[in-house]
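Asks: Got a structure for you, written out below as C-alpha coordinates; questions coming shortly.
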Amino acid sequence: MTKTLLPSALAAAMAAALLGWAVPTHASQALATARNCMACHGVANKLVGPSLRDVASRYQGRADAASLLAEKIAKGSAGAWGSLPMPAQPQVSAAEATTLAQWILEQR
(Lines give C-alpha, C1' and ligand atoms only; values in the text may rest on other atoms or scores of the structure.)
Protein backbone atom coordinates (compact mmCIF):
# COMPACT_ATOMS: atom_id res chain seq x y z
CA MET A 1 0.00 0.00 0.00
CA THR A 2 1.38 3.42 -0.95
CA LYS A 3 0.55 6.69 0.69
CA THR A 4 0.00 9.91 -1.20
CA LEU A 5 2.06 12.58 0.52
CA LEU A 6 0.70 15.56 -1.43
CA PRO A 7 -2.60 16.30 -3.15
CA SER A 8 -2.19 15.57 -6.83
CA ALA A 9 -2.62 19.20 -7.94
CA LEU A 10 0.05 20.40 -5.53
CA ALA A 11 2.39 17.58 -6.47
CA ALA A 12 1.91 18.33 -10.16
CA ALA A 13 2.53 22.04 -9.63
CA MET A 14 5.66 21.39 -7.60
CA ALA A 15 7.03 18.97 -10.19
CA ALA A 16 6.22 21.43 -12.96
CA ALA A 17 7.95 24.26 -11.12
CA LEU A 18 11.03 22.18 -10.43
CA LEU A 19 11.24 21.03 -14.03
CA GLY A 20 10.37 24.40 -15.55
CA TRP A 21 7.10 23.19 -17.06
CA ALA A 22 3.87 25.15 -17.24
CA VAL A 23 1.94 24.95 -13.97
CA PRO A 24 -1.72 23.92 -14.19
CA THR A 25 -3.85 27.02 -13.75
CA HIS A 26 -6.39 25.22 -11.53
CA ALA A 27 -3.82 24.78 -8.75
CA SER A 28 -4.05 28.33 -7.47
CA GLN A 29 -2.12 28.16 -4.18
CA ALA A 30 0.46 25.93 -5.80
CA LEU A 31 0.55 28.29 -8.77
CA ALA A 32 1.10 31.27 -6.45
CA THR A 33 3.94 29.41 -4.80
CA ALA A 34 5.45 28.26 -8.09
CA ARG A 35 5.34 31.77 -9.55
CA ASN A 36 6.97 33.26 -6.41
CA CYS A 37 3.94 35.29 -5.31
CA MET A 38 4.25 33.85 -1.81
CA ALA A 39 7.81 35.18 -1.51
CA CYS A 40 6.38 38.68 -1.07
CA HIS A 41 2.72 38.10 -0.11
CA GLY A 42 1.26 36.08 2.73
CA VAL A 43 -2.35 34.97 2.58
CA ALA A 44 -3.19 36.55 5.93
CA ASN A 45 0.01 38.45 6.77
CA LYS A 46 1.85 41.32 5.14
CA LEU A 47 5.34 40.35 4.05
CA VAL A 48 7.12 42.59 1.55
CA GLY A 49 3.79 43.37 -0.08
CA PRO A 50 0.26 43.39 1.34
CA SER A 51 -1.49 40.21 2.43
CA LEU A 52 -3.67 38.60 -0.20
CA ARG A 53 -6.67 39.10 2.12
CA ASP A 54 -5.97 42.84 2.20
CA VAL A 55 -5.76 42.89 -1.60
CA ALA A 56 -9.04 40.98 -1.88
CA SER A 57 -10.73 43.34 0.58
CA ARG A 58 -9.52 46.44 -1.26
CA TYR A 59 -10.95 45.27 -4.59
CA GLN A 60 -14.10 43.63 -3.20
CA GLY A 61 -17.21 44.62 -5.12
CA ARG A 62 -15.40 45.96 -8.19
CA ALA A 63 -16.72 44.42 -11.38
CA ASP A 64 -13.29 44.75 -12.99
CA ALA A 65 -11.32 43.43 -9.99
CA ALA A 66 -10.06 40.19 -11.58
CA SER A 67 -8.92 41.84 -14.80
CA LEU A 68 -7.33 44.75 -12.90
CA LEU A 69 -5.39 42.43 -10.61
CA ALA A 70 -4.35 40.19 -13.50
CA GLU A 71 -2.93 43.24 -15.26
CA LYS A 72 -1.09 44.34 -12.10
CA ILE A 73 0.38 40.86 -11.74
CA ALA A 74 1.60 40.81 -15.34
CA LYS A 75 2.74 44.42 -15.72
CA GLY A 76 3.60 45.35 -12.14
CA SER A 77 2.27 48.21 -10.07
CA ALA A 78 3.56 51.24 -8.20
CA GLY A 79 2.04 53.44 -5.53
CA ALA A 80 -1.02 51.32 -4.75
CA TRP A 81 0.35 50.03 -1.43
CA GLY A 82 3.07 52.51 -0.58
CA SER A 83 6.40 53.42 -2.09
CA LEU A 84 7.68 49.89 -2.80
CA PRO A 85 6.62 48.87 -6.34
CA MET A 86 5.53 45.40 -7.36
CA PRO A 87 7.68 44.41 -10.34
CA ALA A 88 6.21 42.96 -13.52
CA GLN A 89 5.98 39.17 -13.55
CA PRO A 90 6.86 38.15 -17.12
CA GLN A 91 7.10 34.47 -16.13
CA VAL A 92 3.34 34.46 -15.44
CA SER A 93 1.17 33.80 -18.50
CA ALA A 94 -2.04 35.76 -19.07
CA ALA A 95 -4.11 32.69 -18.14
CA GLU A 96 -2.08 32.20 -14.96
CA ALA A 97 -2.44 35.89 -14.03
CA THR A 98 -6.22 35.59 -14.40
CA THR A 99 -6.30 32.42 -12.29
CA LEU A 100 -4.14 34.04 -9.62
CA ALA A 101 -6.29 37.18 -9.58
CA GLN A 102 -9.47 35.15 -9.15
CA TRP A 103 -7.88 33.08 -6.38
CA ILE A 104 -6.65 36.22 -4.60
CA LEU A 105 -10.16 37.68 -4.68
CA GLU A 106 -11.43 34.52 -2.93
CA GLN A 107 -9.09 35.09 0.03
CA ARG A 108 -11.34 37.59 1.86
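Scheme for the C-alpha coordinates: letters A, B, ... for chains in order shown; per-chain residue numbers from 1; ligand numbers from 1 in order shown.
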Give me the residues near A:Asp54 as JSON, numbers by chain, where near means some atom within 12 Å (using only C-alpha atoms) and where sequence neighbours in that chain fewer than 6 positions away do not count.

Replies: {"A": [41, 42, 43, 44, 45, 46, 47, 60, 81, 104, 105, 106, 107, 108]}

Asks: Could you list, as a list in words, every residue within 9 Å of A:Pro87, counting only C-alpha atoms and ignoring same-chain residues fewer than 5 positions away?

Replies: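 In the requested format, the answer is Lys72, Ile73, Ala74, Lys75, Gly76, Ser77 and Ala78 of chain A.
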
Asks: Please report the interatomic distance between atom CA of A:Ala30 and atom CA of A:Gly79 in Å with one decimal.

Replies: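 Separation between atom CA of A:Ala30 and atom CA of A:Gly79: 27.6 Å.
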
Asks: At a cut-off of 7 Å, using only C-alpha atoms, what residues contact A:Ala32? Leave out same-chain residues fewer than 5 positions from it and give the result as a list in words.

Replies: Cys37, Met38 and Leu100 of chain A
